[in-house]
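Chemist: Okay, so here is protein.cif, and as you'll see once you scroll down, it has mmCIF, C-alpha atoms and all ligand atoms.
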```cif
data_my_file
loop_
_atom_site.label_atom_id
_atom_site.label_comp_id
_atom_site.auth_asym_id
_atom_site.auth_seq_id
_atom_site.Cartn_x
_atom_site.Cartn_y
_atom_site.Cartn_z
CA MET A 1 -29.32 63.86 199.99
CA ARG A 2 -25.60 64.60 199.66
CA LEU A 3 -25.61 65.87 203.24
CA ALA A 4 -27.45 62.71 204.34
CA LEU A 5 -24.85 60.59 202.50
CA HIS A 6 -22.03 62.53 204.16
CA LEU A 7 -23.62 61.95 207.58
CA ALA A 8 -23.85 58.24 206.78
CA LYS A 9 -20.24 58.06 205.53
CA THR A 10 -18.83 59.63 208.71
CA ALA A 11 -20.25 56.80 210.83
CA LYS A 12 -18.91 53.97 208.64
CA GLY A 13 -17.27 51.39 210.90
CA GLN A 14 -19.42 52.21 213.94
CA THR A 15 -22.73 50.59 213.10
CA SER A 16 -22.02 46.97 212.13
CA PRO A 17 -23.88 44.70 211.64
CA ASN A 18 -26.28 47.53 210.70
CA PRO A 19 -25.80 49.71 207.61
CA THR A 20 -24.69 53.32 207.93
CA VAL A 21 -27.60 55.68 207.25
CA GLY A 22 -27.99 59.46 207.14
CA ALA A 23 -31.17 61.57 207.27
CA VAL A 24 -31.95 65.25 206.79
CA VAL A 25 -35.32 66.95 207.43
CA VAL A 26 -36.02 70.06 205.34
CA ASN A 27 -38.97 72.37 205.93
CA ASN A 28 -39.64 75.07 203.38
CA GLY A 29 -36.02 75.03 202.13
CA GLU A 30 -34.55 75.15 205.65
CA ILE A 31 -32.66 72.25 207.27
CA VAL A 32 -34.49 71.61 210.54
CA GLY A 33 -33.04 68.24 211.52
CA VAL A 34 -30.07 65.97 210.72
CA GLY A 35 -29.06 62.55 211.94
CA SER A 36 -26.90 59.45 211.42
CA HIS A 37 -27.25 55.97 212.78
CA LEU A 38 -24.29 55.87 215.17
CA LYS A 39 -24.36 52.43 216.76
CA ALA A 40 -26.27 49.18 216.36
CA GLY A 41 -29.08 49.06 218.89
CA GLU A 42 -29.30 52.84 219.17
CA ALA A 43 -31.67 55.26 217.41
CA HIS A 44 -31.76 55.19 213.62
CA ALA A 45 -30.77 58.24 211.57
CA GLU A 46 -34.37 59.25 210.91
CA VAL A 47 -35.19 59.28 214.63
CA HIS A 48 -32.28 61.63 215.42
CA ALA A 49 -33.29 63.96 212.59
CA LEU A 50 -36.99 63.97 213.56
CA LYS A 51 -36.15 64.60 217.22
CA MET A 52 -34.05 67.60 216.20
CA ALA A 53 -36.82 68.88 213.90
CA GLY A 54 -39.48 68.60 216.59
CA ASN A 55 -42.78 70.10 215.42
CA ARG A 56 -41.02 71.65 212.41
CA ALA A 57 -41.22 68.16 210.90
CA LYS A 58 -44.91 68.90 210.18
CA GLY A 59 -45.32 69.31 206.41
CA ALA A 60 -41.57 68.82 205.93
CA THR A 61 -39.55 66.55 203.62
CA ILE A 62 -37.17 63.89 204.91
CA PHE A 63 -34.15 62.82 202.82
CA VAL A 64 -32.83 59.43 203.92
CA THR A 65 -30.12 57.27 202.35
CA LEU A 66 -31.86 53.94 203.06
CA GLU A 67 -35.54 52.98 203.10
CA PRO A 68 -36.95 53.55 206.60
CA CYS A 69 -37.37 50.31 208.54
CA SER A 70 -40.86 48.93 208.97
CA HIS A 71 -40.15 46.11 211.41
CA TYR A 72 -39.75 46.16 215.18
CA GLY A 73 -35.99 45.62 215.73
CA LYS A 74 -34.28 46.98 218.81
CA THR A 75 -36.11 50.31 218.18
CA PRO A 76 -39.70 51.02 216.96
CA PRO A 77 -40.05 51.21 213.15
CA CYS A 78 -38.86 54.49 211.64
CA ALA A 79 -41.68 54.46 209.06
CA GLU A 80 -44.23 54.81 211.88
CA GLN A 81 -42.23 57.60 213.54
CA ILE A 82 -41.99 59.45 210.23
CA ILE A 83 -45.77 59.15 209.79
CA ASP A 84 -46.46 60.35 213.36
CA SER A 85 -44.13 63.34 212.92
CA GLY A 86 -46.25 64.95 210.16
CA ILE A 87 -43.66 64.58 207.36
CA LYS A 88 -45.41 64.99 204.00
CA ARG A 89 -42.70 63.87 201.56
CA ALA A 90 -39.91 61.28 201.78
CA VAL A 91 -36.96 61.11 199.36
CA ILE A 92 -35.09 57.80 199.66
CA ALA A 93 -31.77 56.86 197.99
CA SER A 94 -31.93 53.04 198.22
CA GLU A 95 -34.58 50.49 199.04
CA ASP A 96 -33.78 48.07 201.85
CA PRO A 97 -31.68 45.18 200.42
CA ASN A 98 -33.18 42.73 202.91
CA PRO A 99 -35.49 40.75 200.60
CA ASN A 100 -37.93 40.20 203.49
CA VAL A 101 -38.60 43.91 203.96
CA ALA A 102 -37.67 45.58 200.66
CA GLY A 103 -40.37 48.11 199.82
CA SER A 104 -42.49 47.59 202.94
CA GLY A 105 -41.27 50.80 204.59
CA ILE A 106 -42.16 52.73 201.46
CA LYS A 107 -45.60 51.11 201.32
CA LEU A 108 -46.32 52.14 204.93
CA LEU A 109 -45.39 55.75 204.18
CA GLU A 110 -47.49 55.87 201.00
CA ALA A 111 -50.46 54.27 202.78
CA ALA A 112 -50.31 57.18 205.24
CA GLY A 113 -50.48 59.67 202.36
CA ILE A 114 -46.78 60.56 202.32
CA LYS A 115 -45.34 61.27 198.85
CA VAL A 116 -42.33 58.96 198.37
CA GLU A 117 -39.60 59.28 195.71
CA SER A 118 -36.73 56.74 195.64
CA GLY A 119 -33.46 56.40 193.72
CA LEU A 120 -31.88 59.82 194.29
CA CYS A 121 -28.07 59.12 194.66
CA ARG A 122 -28.84 55.40 194.82
CA LYS A 123 -25.38 54.45 193.46
CA GLU A 124 -23.47 56.31 196.18
CA SER A 125 -25.78 54.95 198.85
CA ASP A 126 -25.48 51.35 197.63
CA GLU A 127 -21.66 51.63 197.43
CA LEU A 128 -21.53 52.95 200.98
CA ASN A 129 -23.27 49.85 202.32
CA GLU A 130 -22.06 47.28 199.80
CA ASP A 131 -20.65 45.14 202.62
CA PHE A 132 -23.94 45.26 204.54
CA TYR A 133 -25.96 44.34 201.44
CA HIS A 134 -23.63 41.41 200.70
CA TYR A 135 -23.89 40.17 204.29
CA ILE A 136 -27.69 40.53 204.53
CA VAL A 137 -28.15 38.53 201.34
CA THR A 138 -25.38 35.89 201.66
CA LYS A 139 -24.92 35.78 205.47
CA THR A 140 -21.16 35.72 204.80
CA PRO A 141 -18.67 38.56 205.21
CA TYR A 142 -17.93 41.00 202.39
CA VAL A 143 -14.21 40.42 201.70
CA THR A 144 -11.80 43.25 200.97
CA LEU A 145 -8.30 42.05 200.14
CA LYS A 146 -5.53 44.64 200.61
CA ASN A 147 -2.04 44.53 199.13
CA ALA A 148 0.90 46.84 199.58
CA MET A 149 3.47 46.39 196.87
CA THR A 150 6.17 48.02 194.78
CA LEU A 151 5.64 49.16 191.19
CA ASP A 152 7.00 45.79 190.09
CA GLY A 153 4.51 43.91 192.27
CA LYS A 154 6.77 42.86 195.13
CA ILE A 155 5.66 42.78 198.77
CA ALA A 156 9.18 42.35 200.15
CA THR A 157 12.76 42.16 198.92
CA SER A 158 14.47 38.85 198.21
CA THR A 159 16.08 39.22 201.66
CA GLY A 160 12.64 39.57 203.29
CA GLU A 161 12.68 43.30 203.98
CA SER A 162 9.27 44.94 203.73
CA LYS A 163 9.20 47.84 206.17
CA TRP A 164 8.23 50.03 204.68
CA ILE A 165 7.24 49.72 201.08
CA THR A 166 4.41 52.25 201.28
CA GLY A 167 4.61 55.60 203.01
CA PRO A 168 3.00 56.84 206.24
CA GLU A 169 -0.03 58.37 204.50
CA ALA A 170 -0.89 55.10 202.74
CA ARG A 171 -0.30 53.10 205.90
CA GLU A 172 -2.60 55.45 207.83
CA ASP A 173 -5.24 54.91 205.13
CA VAL A 174 -4.94 51.16 205.79
CA HIS A 175 -5.79 51.80 209.43
CA ARG A 176 -8.90 53.74 208.32
CA LEU A 177 -9.90 50.60 206.44
CA ARG A 178 -9.25 48.45 209.51
CA HIS A 179 -11.54 50.72 211.53
CA LYS A 180 -14.32 50.17 208.97
CA HIS A 181 -14.12 46.37 209.11
CA ASP A 182 -15.52 43.92 211.64
CA ALA A 183 -12.48 41.65 211.30
CA ILE A 184 -8.98 41.52 209.85
CA LEU A 185 -7.49 38.23 208.64
CA VAL A 186 -3.87 37.20 208.10
CA GLY A 187 -2.10 33.85 207.77
CA ILE A 188 0.22 32.38 210.38
CA GLY A 189 3.10 33.24 208.02
CA THR A 190 2.50 36.95 208.54
CA VAL A 191 2.26 36.46 212.31
CA LEU A 192 5.58 34.59 212.39
CA LYS A 193 7.33 37.05 210.00
CA ASP A 194 5.94 40.43 211.07
CA ASP A 195 4.49 39.80 214.56
CA PRO A 196 1.77 42.33 213.60
CA LYS A 197 -0.50 44.05 216.10
CA LEU A 198 -3.39 44.18 213.58
CA THR A 199 -4.97 46.97 215.62
CA THR A 200 -6.36 50.28 214.36
CA ARG A 201 -3.92 53.04 215.23
CA LEU A 202 -5.21 56.40 214.02
CA PRO A 203 -4.50 59.89 215.39
CA GLU A 204 -8.24 60.27 216.01
CA GLY A 205 -8.59 56.74 217.45
CA GLY A 206 -10.71 53.99 215.89
CA LYS A 207 -12.28 50.59 216.40
CA ASN A 208 -10.09 47.49 216.50
CA PRO A 209 -11.34 44.73 214.22
CA VAL A 210 -11.44 41.12 215.44
CA ARG A 211 -8.07 39.58 214.54
CA ILE A 212 -8.49 36.30 212.68
CA ILE A 213 -5.44 34.12 212.06
CA LEU A 214 -5.45 31.14 209.70
CA ASP A 215 -3.29 28.89 211.86
CA SER A 216 -4.18 25.26 211.07
CA LYS A 217 -1.42 23.78 213.25
CA LEU A 218 -1.78 26.30 216.10
CA ARG A 219 1.71 27.73 215.68
CA THR A 220 0.86 31.23 216.97
CA PRO A 221 3.57 32.00 219.52
CA LEU A 222 2.24 32.77 222.99
CA HIS A 223 4.47 35.89 223.07
CA ALA A 224 3.04 37.23 219.79
CA ASN A 225 1.50 40.71 219.91
CA ILE A 226 -1.91 39.29 219.04
CA MET A 227 -1.70 37.07 222.13
CA THR A 228 -0.21 39.49 224.63
CA ASP A 229 -2.21 42.56 223.49
CA ASP A 230 -5.83 42.08 224.56
CA SER A 231 -7.10 45.37 223.15
CA ALA A 232 -8.79 43.34 220.41
CA GLU A 233 -10.17 39.84 220.10
CA THR A 234 -7.98 37.18 218.51
CA TRP A 235 -9.62 34.20 216.82
CA LEU A 236 -7.29 31.37 215.80
CA ILE A 237 -8.67 29.17 213.02
CA ILE A 238 -7.17 25.76 213.69
CA GLY A 239 -7.42 22.30 212.16
CA GLU A 240 -8.65 19.26 214.06
CA LYS A 241 -5.07 17.89 214.15
CA ALA A 242 -3.73 21.04 215.82
CA LYS A 243 -1.63 20.14 218.87
CA LYS A 244 -3.90 19.18 221.70
CA ASP A 245 -2.30 21.31 224.40
CA ARG A 246 -4.57 24.30 223.89
CA SER A 247 -4.80 25.37 227.53
CA ALA A 248 -1.97 27.89 227.08
CA TYR A 249 -4.21 29.72 224.59
CA ASN A 250 -7.02 29.94 227.07
CA LYS A 251 -7.24 33.75 227.38
CA GLN A 252 -10.22 36.09 227.66
CA HIS A 253 -9.60 37.72 224.27
CA VAL A 254 -8.58 34.54 222.44
CA LYS A 255 -10.99 32.13 220.74
CA LEU A 256 -9.94 28.88 219.06
CA ILE A 257 -12.21 28.00 216.14
CA GLU A 258 -11.71 24.47 214.92
CA MET A 259 -12.40 23.63 211.27
CA ALA A 260 -12.35 20.18 209.71
CA ASN A 261 -10.27 21.71 206.94
CA THR A 262 -8.90 25.21 207.35
CA ASN A 263 -8.38 25.40 203.58
CA HIS A 264 -12.14 25.40 203.04
CA LEU A 265 -12.42 29.17 203.04
CA ARG A 266 -16.07 29.15 201.94
CA GLU A 267 -16.93 27.13 205.04
CA LEU A 268 -14.93 29.58 207.14
CA MET A 269 -16.87 32.49 205.61
CA VAL A 270 -20.13 30.81 206.66
CA ARG A 271 -18.77 30.33 210.21
CA LEU A 272 -17.62 33.96 210.39
CA GLY A 273 -21.00 35.12 209.09
CA GLU A 274 -22.70 33.12 211.84
CA LEU A 275 -20.38 34.84 214.33
CA GLY A 276 -21.59 38.25 213.09
CA ILE A 277 -18.64 39.21 210.90
CA ALA A 278 -20.22 41.24 208.08
CA SER A 279 -16.99 42.70 206.65
CA LEU A 280 -13.57 41.03 206.49
CA PHE A 281 -10.27 42.77 205.72
CA VAL A 282 -7.68 40.30 204.38
CA GLU A 283 -4.19 41.67 204.85
CA GLY A 284 -2.20 38.73 203.50
CA GLY A 285 0.26 37.26 203.28
CA ALA A 286 0.76 36.09 199.78
CA ARG A 287 -0.37 32.50 200.31
CA VAL A 288 -3.57 33.57 202.07
CA ASN A 289 -4.19 36.04 199.25
CA ASN A 290 -3.82 33.20 196.77
CA SER A 291 -6.35 31.08 198.69
CA PHE A 292 -8.94 33.85 198.60
CA LEU A 293 -8.18 34.48 194.92
CA THR A 294 -8.56 30.86 193.83
CA ALA A 295 -11.66 30.44 196.02
CA LYS A 296 -13.15 33.48 194.23
CA LEU A 297 -13.93 35.11 197.58
CA VAL A 298 -12.56 38.58 196.81
CA ASN A 299 -15.35 41.18 196.73
CA GLN A 300 -13.01 44.15 196.60
CA LEU A 301 -9.26 44.46 195.96
CA ILE A 302 -7.35 47.46 197.30
CA VAL A 303 -3.73 47.81 196.14
CA TYR A 304 -1.30 50.39 197.50
CA MET A 305 1.43 50.69 194.88
CA ALA A 306 4.71 52.35 195.81
CA PRO A 307 6.84 54.16 193.18
CA THR A 308 9.78 51.88 193.88
CA VAL A 309 11.26 48.88 192.08
CA ILE A 310 13.12 46.09 193.83
CA GLY A 311 13.03 43.22 191.34
CA GLY A 312 14.42 39.81 192.17
CA SER A 313 12.91 36.44 191.22
CA ASP A 314 13.06 35.49 194.92
CA ALA A 315 11.24 38.65 196.01
CA PRO A 316 7.67 37.58 196.91
CA THR A 317 4.70 38.97 195.01
CA SER A 318 1.18 39.61 196.35
CA PHE A 319 -0.22 36.24 195.33
CA GLU A 320 2.00 33.19 195.80
CA GLY A 321 1.11 29.50 195.62
CA THR A 322 -0.72 27.97 192.67
CA GLY A 323 -2.21 31.14 191.22
CA ILE A 324 -4.65 30.82 188.32
CA PRO A 325 -2.92 28.81 185.56
CA HIS A 326 -5.05 29.96 182.62
CA LEU A 327 -5.78 33.52 181.54
CA LYS A 328 -9.37 32.59 180.71
CA ASP A 329 -9.91 31.87 184.44
CA ALA A 330 -8.18 35.02 185.68
CA LEU A 331 -10.06 37.16 188.17
CA GLN A 332 -11.46 39.92 185.95
CA LEU A 333 -11.83 43.20 187.78
CA GLU A 334 -12.82 46.72 186.95
CA TYR A 335 -11.11 49.77 188.36
CA LYS A 336 -13.36 51.71 190.74
CA SER A 337 -10.86 54.40 191.77
CA ILE A 338 -7.19 55.28 191.39
CA GLU A 339 -5.85 58.05 193.62
CA GLN A 340 -2.48 59.18 194.93
CA ILE A 341 -1.98 59.03 198.69
CA GLY A 342 1.33 60.56 199.72
CA LYS A 343 3.89 59.07 197.33
CA ASP A 344 1.81 55.94 196.62
CA LEU A 345 -1.13 55.02 194.40
CA LYS A 346 -4.28 53.54 195.94
CA ILE A 347 -6.12 51.39 193.44
CA VAL A 348 -9.60 50.03 194.24
CA ALA A 349 -10.93 47.32 191.95
CA LYS A 350 -13.94 45.02 192.09
CA PRO A 351 -14.71 41.77 190.28
CA ARG A 352 -16.48 42.49 187.05
CA VAL A 353 -20.10 41.35 187.29
CA GLU A 354 -20.81 39.31 184.14
N1 LIG B 401 5.09 46.21 204.50
C1 LIG B 401 3.91 46.89 204.40
C2 LIG B 401 2.72 46.34 204.92
N2 LIG B 401 2.80 45.14 205.55
C3 LIG B 401 1.81 44.61 206.20
C4 LIG B 401 2.12 43.34 206.97
O1 LIG B 401 1.70 42.30 206.18
C5 LIG B 401 1.41 43.37 208.30
O2 LIG B 401 0.01 43.42 208.05
C6 LIG B 401 1.84 44.57 209.05
O3 LIG B 401 3.12 44.32 209.48
C7 LIG B 401 0.89 44.78 210.15
O4 LIG B 401 1.56 45.35 211.20
P1 LIG B 401 0.74 46.13 212.34
O5 LIG B 401 -0.63 45.49 212.43
O6 LIG B 401 0.60 47.52 211.88
O7 LIG B 401 1.53 45.93 213.55
N3 LIG B 401 1.54 47.00 204.78
C8 LIG B 401 1.51 48.23 204.17
O8 LIG B 401 0.44 48.83 204.05
N4 LIG B 401 2.65 48.80 203.67
C9 LIG B 401 3.85 48.17 203.77
O9 LIG B 401 4.86 48.73 203.32
#
```
For the structure just supplied, provide its representation as structure tokens.
Modeler:
Amino acid sequence: MRLALHLAKTAKGQTSPNPTVGAVVVNNGEIVGVGSHLKAGEAHAEVHALKMAGNRAKGATIFVTLEPCSHYGKTPPCAEQIIDSGIKRAVIASEDPNPNVAGSGIKLLEAAGIKVESGLCRKESDELNEDFYHYIVTKTPYVTLKNAMTLDGKIATSTGESKWITGPEAREDVHRLRHKHDAILVGIGTVLKDDPKLTTRLPEGGKNPVRIILDSKLRTPLHANIMTDDSAETWLIIGEKAKKDRSAYNKQHVKLIEMANTNHLRELMVRLGELGIASLFVEGGARVNNSFLTAKLVNQLIVYMAPTVIGGSDAPTSFEGTGIPHLKDALQLEYKSIEQIGKDLKIVAKPRVE
């Protein structure tokens, strides 16, 4: 199962809106087939592993990180293919989170006389696809909010300098996160201040997320990187009152999405969910962070903390704006991991489930 989980992990970022899944077929203690789901619409992990096993799947055991599908999607159901292959035992980490199909794959296997055990490494498997589970159930994107700040919580100096607070290793890690997300969101403030590319730039390459800009008054400059660089889509979230002359923004990779009120982030999450965004990476700035914080839309917080101190009451912190006035209403999190990356700390925290 650990090998199946590793196979699933390596494809994270490639399979949206599907989960990442890994499968391993073992016959008499020998690995005879392995597979991962590599791209939505293509073969599922189990199919790759069974194809590799061939007739050595007969009497074998399949280890799979997510319950085999039982419905006809773009490919025939895996449960049927497992049955036809002669597998005699199936070990499953997690049941399918889709309430409509949870357990039906397992039932099909058991009805065909296959011995099924579920729950092995369930926690790791569920964590791997937490965004997918959230999206399947809520139809809105799973939101990861990322901050890069100094030890004293600043994201820039009082004179506006911010490049760079964190080191190259931490910044490369941020690009790994971008690769794993369907979309990246920043406010117009970040576009005007940093003119970011918001693309995934990794030595080994990677997928560019859709670039989403909260830009109620349509102030994105036409010469901005996100407008001139068409290697990724750019969606501008604008208000109804945004200046009418929108023709200049009429580009192949640019979409204008009009909202009655761009501050209604929950409504925006529904719209993005409808547009197939299952995972959203919020990279600031501080006012946007505050909006997601006060709207209680943060599903995961990732903080890169540099061992530097800059101080200054005018130096901006990660969450500006109103903040949460009373401690009793503070966003309560629990630490999931704290690791050092280069000179910086990477802290992953998730809202505490009451
Ligand atoms: N200032 C820092 C960051 N700053 C991140 C900015 O808010 C903005 O997302 C970047 O400028 C994006 O640029 P591009 O997409 O790479 O062209 N982010 C970091 O991780 N560390 C820092 O030190």
Chemist: As a short mmCIF file (atom, residue, chain, number, x, y, z; two decimals) with C-alpha atoms, keeping the file's coordinate frame, please: every protein or nucleic acid residue near ligand LIG 401 (chain B) (cut-off 8 Å, counting all atoms listed in the file).
Modeler:
```
data_model
loop_
_atom_site.label_atom_id
_atom_site.label_comp_id
_atom_site.auth_asym_id
_atom_site.auth_seq_id
_atom_site.Cartn_x
_atom_site.Cartn_y
_atom_site.Cartn_z
CA ASN A 147 -2.04 44.53 199.13
CA ALA A 148 0.90 46.84 199.58
CA MET A 149 3.47 46.39 196.87
CA ILE A 155 5.66 42.78 198.77
CA ALA A 156 9.18 42.35 200.15
CA SER A 162 9.27 44.94 203.73
CA LYS A 163 9.20 47.84 206.17
CA TRP A 164 8.23 50.03 204.68
CA ILE A 165 7.24 49.72 201.08
CA THR A 166 4.41 52.25 201.28
CA GLY A 167 4.61 55.60 203.01
CA ALA A 170 -0.89 55.10 202.74
CA ARG A 171 -0.30 53.10 205.90
CA VAL A 174 -4.94 51.16 205.79
CA VAL A 186 -3.87 37.20 208.10
CA THR A 190 2.50 36.95 208.54
CA ASP A 194 5.94 40.43 211.07
CA ASP A 195 4.49 39.80 214.56
CA PRO A 196 1.77 42.33 213.60
CA LYS A 197 -0.50 44.05 216.10
CA LEU A 198 -3.39 44.18 213.58
CA THR A 199 -4.97 46.97 215.62
CA THR A 200 -6.36 50.28 214.36
CA ARG A 201 -3.92 53.04 215.23
CA GLU A 283 -4.19 41.67 204.85
CA GLY A 284 -2.20 38.73 203.50
CA GLY A 285 0.26 37.26 203.28
CA TYR A 304 -1.30 50.39 197.50
#
```
Chemist: Taking all atoms listed in the file into account, produce a table as a Markdown table in which each residue of range 221-313 of chain A with an atom at most 12 Å from an atom of range 207-215 of chain A appears once, together with its shortest atom pair and the distance in Å to one decimal, ordered by chain and rising number.
Modeler:
```
| residue | atom | partner | partner_atom | distance |
| --- | --- | --- | --- | --- |
| A:Pro221 | CA | A:Asp215 | CA | 10.7 |
| A:Ala224 | CA | A:Ile213 | CA | 11.9 |
| A:Asn225 | CA | A:Arg211 | CA | 11.0 |
| A:Ile226 | CA | A:Arg211 | CA | 7.6 |
| A:Met227 | CA | A:Arg211 | CA | 10.2 |
| A:Asp229 | CA | A:Arg211 | CA | 11.1 |
| A:Asp230 | CA | A:Arg211 | CA | 10.6 |
| A:Ser231 | CA | A:Asn208 | CA | 7.6 |
| A:Ala232 | CA | A:Asn208 | CA | 5.8 |
| A:Glu233 | CA | A:Val210 | CA | 5.0 |
| A:Thr234 | CA | A:Arg211 | CA | 4.6 |
| A:Trp235 | CA | A:Ile212 | CA | 4.8 |
| A:Leu236 | CA | A:Ile213 | CA | 5.0 |
| A:Ile237 | CA | A:Leu214 | CA | 5.0 |
| A:Ile238 | CA | A:Asp215 | CA | 5.3 |
| A:Gly239 | CA | A:Asp215 | CA | 7.8 |
| A:Glu240 | CA | A:Asp215 | CA | 11.2 |
| A:Lys241 | CA | A:Asp215 | CA | 11.4 |
| A:Ala242 | CA | A:Asp215 | CA | 8.8 |
| A:Lys243 | CA | A:Asp215 | CA | 11.3 |
| A:His253 | CA | A:Val210 | CA | 9.6 |
| A:Val254 | CA | A:Arg211 | CA | 9.4 |
| A:Lys255 | CA | A:Ile212 | CA | 9.4 |
| A:Leu256 | CA | A:Asp215 | CA | 9.8 |
| A:Ile257 | CA | A:Ile212 | CA | 9.7 |
| A:Glu258 | CA | A:Asp215 | CA | 10.0 |
| A:Met259 | CA | A:Leu214 | CA | 10.4 |
| A:Asn261 | CA | A:Leu214 | CA | 10.9 |
| A:Thr262 | CA | A:Leu214 | CA | 7.3 |
| A:Asn263 | CA | A:Leu214 | CA | 8.9 |
| A:His264 | CA | A:Leu214 | CA | 11.0 |
| A:Leu265 | CA | A:Leu214 | CA | 9.8 |
| A:Leu268 | CA | A:Leu214 | CA | 9.9 |
| A:Met269 | CA | A:Ile212 | CA | 11.6 |
| A:Leu272 | CA | A:Ile212 | CA | 9.7 |
| A:Leu275 | CA | A:Val210 | CA | 11.0 |
| A:Gly276 | CA | A:Val210 | CA | 10.8 |
| A:Ile277 | CA | A:Val210 | CA | 8.7 |
| A:Ala278 | CA | A:Pro209 | CA | 11.3 |
| A:Ser279 | CA | A:Pro209 | CA | 9.7 |
| A:Leu280 | CA | A:Pro209 | CA | 8.9 |
| A:Phe281 | CA | A:Pro209 | CA | 8.8 |
| A:Val282 | CA | A:Ile212 | CA | 9.2 |
| A:Glu283 | CA | A:Ile212 | CA | 10.4 |
| A:Gly284 | CA | A:Ile213 | CA | 10.2 |
| A:Gly285 | CA | A:Leu214 | CA | 10.5 |
| A:Arg287 | CA | A:Leu214 | CA | 10.8 |
| A:Val288 | CA | A:Leu214 | CA | 8.2 |
| A:Asn289 | CA | A:Leu214 | CA | 11.6 |
| A:Ser291 | CA | A:Leu214 | CA | 11.0 |
| A:Phe292 | CA | A:Leu214 | CA | 11.9 |
```
Chemist: Would you mind exporting the chosen residues as a PDB file, keeping the file's coordinate frame, restricted to C-alpha atoms?
Modeler:
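Dumped to selection10.pdb:
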```pdb
ATOM      1  CA  PRO A 221       3.570  32.000 219.520  1.00  0.00           C
ATOM      2  CA  ALA A 224       3.040  37.230 219.790  1.00  0.00           C
ATOM      3  CA  ASN A 225       1.500  40.710 219.910  1.00  0.00           C
ATOM      4  CA  ILE A 226      -1.910  39.290 219.040  1.00  0.00           C
ATOM      5  CA  MET A 227      -1.700  37.070 222.130  1.00  0.00           C
ATOM      6  CA  ASP A 229      -2.210  42.560 223.490  1.00  0.00           C
ATOM      7  CA  ASP A 230      -5.830  42.080 224.560  1.00  0.00           C
ATOM      8  CA  SER A 231      -7.100  45.370 223.150  1.00  0.00           C
ATOM      9  CA  ALA A 232      -8.790  43.340 220.410  1.00  0.00           C
ATOM     10  CA  GLU A 233     -10.170  39.840 220.100  1.00  0.00           C
ATOM     11  CA  THR A 234      -7.980  37.180 218.510  1.00  0.00           C
ATOM     12  CA  TRP A 235      -9.620  34.200 216.820  1.00  0.00           C
ATOM     13  CA  LEU A 236      -7.290  31.370 215.800  1.00  0.00           C
ATOM     14  CA  ILE A 237      -8.670  29.170 213.020  1.00  0.00           C
ATOM     15  CA  ILE A 238      -7.170  25.760 213.690  1.00  0.00           C
ATOM     16  CA  GLY A 239      -7.420  22.300 212.160  1.00  0.00           C
ATOM     17  CA  GLU A 240      -8.650  19.260 214.060  1.00  0.00           C
ATOM     18  CA  LYS A 241      -5.070  17.890 214.150  1.00  0.00           C
ATOM     19  CA  ALA A 242      -3.730  21.040 215.820  1.00  0.00           C
ATOM     20  CA  LYS A 243      -1.630  20.140 218.870  1.00  0.00           C
ATOM     21  CA  HIS A 253      -9.600  37.720 224.270  1.00  0.00           C
ATOM     22  CA  VAL A 254      -8.580  34.540 222.440  1.00  0.00           C
ATOM     23  CA  LYS A 255     -10.990  32.130 220.740  1.00  0.00           C
ATOM     24  CA  LEU A 256      -9.940  28.880 219.060  1.00  0.00           C
ATOM     25  CA  ILE A 257     -12.210  28.000 216.140  1.00  0.00           C
ATOM     26  CA  GLU A 258     -11.710  24.470 214.920  1.00  0.00           C
ATOM     27  CA  MET A 259     -12.400  23.630 211.270  1.00  0.00           C
ATOM     28  CA  ASN A 261     -10.270  21.710 206.940  1.00  0.00           C
ATOM     29  CA  THR A 262      -8.900  25.210 207.350  1.00  0.00           C
ATOM     30  CA  ASN A 263      -8.380  25.400 203.580  1.00  0.00           C
ATOM     31  CA  HIS A 264     -12.140  25.400 203.040  1.00  0.00           C
ATOM     32  CA  LEU A 265     -12.420  29.170 203.040  1.00  0.00           C
ATOM     33  CA  LEU A 268     -14.930  29.580 207.140  1.00  0.00           C
ATOM     34  CA  MET A 269     -16.870  32.490 205.610  1.00  0.00           C
ATOM     35  CA  LEU A 272     -17.620  33.960 210.390  1.00  0.00           C
ATOM     36  CA  LEU A 275     -20.380  34.840 214.330  1.00  0.00           C
ATOM     37  CA  GLY A 276     -21.590  38.250 213.090  1.00  0.00           C
ATOM     38  CA  ILE A 277     -18.640  39.210 210.900  1.00  0.00           C
ATOM     39  CA  ALA A 278     -20.220  41.240 208.080  1.00  0.00           C
ATOM     40  CA  SER A 279     -16.990  42.700 206.650  1.00  0.00           C
ATOM     41  CA  LEU A 280     -13.570  41.030 206.490  1.00  0.00           C
ATOM     42  CA  PHE A 281     -10.270  42.770 205.720  1.00  0.00           C
ATOM     43  CA  VAL A 282      -7.680  40.300 204.380  1.00  0.00           C
ATOM     44  CA  GLU A 283      -4.190  41.670 204.850  1.00  0.00           C
ATOM     45  CA  GLY A 284      -2.200  38.730 203.500  1.00  0.00           C
ATOM     46  CA  GLY A 285       0.260  37.260 203.280  1.00  0.00           C
ATOM     47  CA  ARG A 287      -0.370  32.500 200.310  1.00  0.00           C
ATOM     48  CA  VAL A 288      -3.570  33.570 202.070  1.00  0.00           C
ATOM     49  CA  ASN A 289      -4.190  36.040 199.250  1.00  0.00           C
ATOM     50  CA  SER A 291      -6.350  31.080 198.690  1.00  0.00           C
ATOM     51  CA  PHE A 292      -8.940  33.850 198.600  1.00  0.00           C
TER      52      PHE A 292
END
```
Chemist: Please determine, counting only C-alpha atoms, which residue among A:Pro351, A:Gly312, A:Gly153, A:Pro68 has the shortest atom-to-atom distance to Ala286 in chain A.
Modeler: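 The closest residue to Ala286 in chain A is A:Gly153.
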Chemist: With the cut-off set at 9 Å and counting only C-alpha atoms, tabulate each residue of range 79-184 of chain A with an atom at most that distance from an atom of range 45-54 of chain A, showing the nearest atom pair and its distance in Å to one decimal, ordered by chain and increasing number, as CSV.
Modeler:
```
residue,atom,partner,partner_atom,distance
A:Ala79,CA,A:Glu46,CA,8.9
A:Gln81,CA,A:Val47,CA,7.3
A:Ile82,CA,A:Leu50,CA,7.5
A:Ser85,CA,A:Leu50,CA,7.2
```
